[in-house]
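Q: For reference, the structure I am asking about is given below.
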Amino acid sequence: MSERLESAPFFPPVETALREPNGLLAMGGDLSPARLLDAYRHGIFPWFNPGDPILWWSPDPRMVLVPGEVRVTRSLAKRLRNSGFEVRADTAFTEVMCACAAPRPPAGREGETGTWISPAMVAAYRRLFDAGYAHSVETWHDGRLVGGLYGVAIGRMFYGESMFSREPDASKVALVRLARQLQQWDFGLIDCQMETPHLASLGARTMPRAMFTARLAELVKLPHLPGPWTLTFNAPD
């Protein structure tokens, strides 16, 4: 069984997570900055339906993207050059989270319906944003927010949470720009959490949890780069 958390920001070892459902580690607790940061430092993330107890996960294997291994197809490279997209960071964090929460056709980890991103989750990650740990990468077109993603950074580790698109490839453009920026900043990994064909098409791959947590332990100890971020690597392909 998954363990029930008490009030202190403490988690059981990730090795005790359930195999089915894959990675369920604990339930309960809260979404305070202290608990969320403790979770991410140990390779744990929250994922639960609104109205249900908070569930904490650490799946095995883990989907990860090495920033220097992001895969850009010919059509995506054309989008990066000629779409008229502008990519920014940390200028519309709450708007990005709310867009990720909007209902969408089924696909991906959470069915991509967005319903798991409740107002409580938005408020919790906004607190992390205000503290310099959470970030958004936004794709803009003619002054409109058309895609993007958000996640958490600790040390030289980035944890991706969710993405959205209102125009074709808008979220992919944001991810490619983020990956190249993180490579320039010597980030070691982007955590993609669960395996999906969409992420695999962009170069993400699975990594055994033991290997992931060992690498994670090294990266979170490196100097932290607090927000708000400014993208300095934004040249076309």
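Residue names in the structure tokens use chain letters A, B, ... in the order shown, residue numbers from 1 in each chain, and ligand numbers from 1 in the order shown.
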With a distance cut-off of 9 Å and only C-alpha atoms, select the neighbouring residues of segment 186-191 of chain A, excluding the residue or stretch itself and same-chain residues fewer than 2 positions from it, and output the selection as number ranges by chain.
A: A: 43, 62-68, 155-161, 179, 181-184, 193-194, 204, 215-216, 219
Q: So which bits of segment 48-184 of chain A end up alpha helix (DSSP H) when you DSSP the backbone, as JSON, numbers by chain?
A: {"A": [74, 75, 76, 77, 78, 79, 80, 81, 82, 93, 94, 95, 96, 97, 98, 99, 100, 101, 119, 120, 121, 122, 123, 124, 125, 126, 127, 128, 129, 130, 170, 171, 172, 173, 174, 175, 176, 177, 178, 179, 180, 181, 182, 183, 184]}
Q: Might you pull out every residue within 8 Å of Arg88 of chain A, with only C-alpha atoms counted and same-chain residues fewer than 5 positions away left off, and present them as a PDB file with C-alpha atoms, in the first residue's frame?
A:
ATOM      1  CA  VAL A 137       8.018  28.901 -21.270  1.00  0.00           C
ATOM      2  CA  GLU A 138       5.495  30.581 -23.555  1.00  0.00           C
ATOM      3  CA  THR A 139       4.961  30.614 -27.306  1.00  0.00           C
ATOM      4  CA  TRP A 140       3.403  33.841 -28.583  1.00  0.00           C
ATOM      5  CA  THR A 230      15.116  35.330 -19.465  1.00  0.00           C
ATOM      6  CA  LEU A 231      15.793  33.201 -22.508  1.00  0.00           C
TER       7      LEU A 231
END
Q: For Trp47 of chain A, list every protein, DNA or RNA residue within 10 Å, evaluated using only C-alpha atoms, and leave out those in the same chain fewer than 3 positions away; present the list as a PyMOL selection string.
A: chain A and resi 24+44+50+53-57+109-110+116-117+121+161
Q: Identify all residues of segment 97-199 of chain A in strand (DSSP E) (DSSP on the backbone) and supply them as number ranges by chain.
A: A: 134-141, 144-154, 157-165, 189-193
Q: Any chance you could export the current selection's C-alpha atoms as a tab-separated table (two decimals), in the first residue's frame?
A:
chain	number	residue	atom	x	y	z
A	134	ALA	CA	8.61	27.25	-10.97
A	135	HIS	CA	8.82	28.52	-14.54
A	136	SER	CA	6.78	28.90	-17.69
A	137	VAL	CA	8.02	28.90	-21.27
A	138	GLU	CA	5.49	30.58	-23.55
A	139	THR	CA	4.96	30.61	-27.31
A	140	TRP	CA	3.40	33.84	-28.58
A	141	HIS	CA	2.04	34.70	-32.03
A	144	ARG	CA	-1.44	35.97	-28.36
A	145	LEU	CA	-0.38	33.14	-26.06
A	146	VAL	CA	-0.68	30.09	-28.34
A	147	GLY	CA	1.32	27.41	-26.51
A	148	GLY	CA	3.77	26.66	-23.77
A	149	LEU	CA	4.72	24.58	-20.78
A	150	TYR	CA	5.50	24.91	-17.11
A	151	GLY	CA	7.68	23.09	-14.63
A	152	VAL	CA	10.01	23.31	-11.66
A	153	ALA	CA	13.79	23.84	-11.54
A	154	ILE	CA	16.08	22.92	-8.66
A	157	MET	CA	17.46	19.83	-12.90
A	158	PHE	CA	14.21	20.76	-14.65
A	159	TYR	CA	10.94	18.94	-13.96
A	160	GLY	CA	8.38	19.33	-16.73
A	161	GLU	CA	4.76	19.29	-15.62
A	162	SER	CA	2.39	20.00	-18.51
A	163	MET	CA	2.16	21.71	-21.89
A	164	PHE	CA	-0.53	23.02	-24.22
A	165	SER	CA	-0.99	24.19	-27.81
A	189	LEU	CA	17.99	16.44	-17.38
A	190	ILE	CA	14.41	17.39	-18.10
A	191	ASP	CA	12.05	15.12	-16.19
A	192	CYS	CA	9.10	14.14	-18.40
A	193	GLN	CA	7.58	11.81	-15.76
Q: Please report the interatomic distance between atom CA of Val176 of chain A and atom CA of Val70 of chain A in Å with one decimal.
A: 6.6 Å
Q: Give the answer as one residue: which of A:Leu225, A:Val173, A:Pro197, A:Leu37 has the shortest atom-to-atom distance to Arg81 of chain A, using only C-alpha atoms?
A: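 Of A:Leu225, A:Val173, A:Pro197, A:Leu37, the one nearest Arg81 of chain A is A:Val173, counting only C-alpha atoms.
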Q: Nearest to Phe85 of chain A among A:Asp130, A:Glu69, A:Glu167, A:Glu195, with distances taken over only C-alpha atoms: which residue is it?
A: A:Glu167
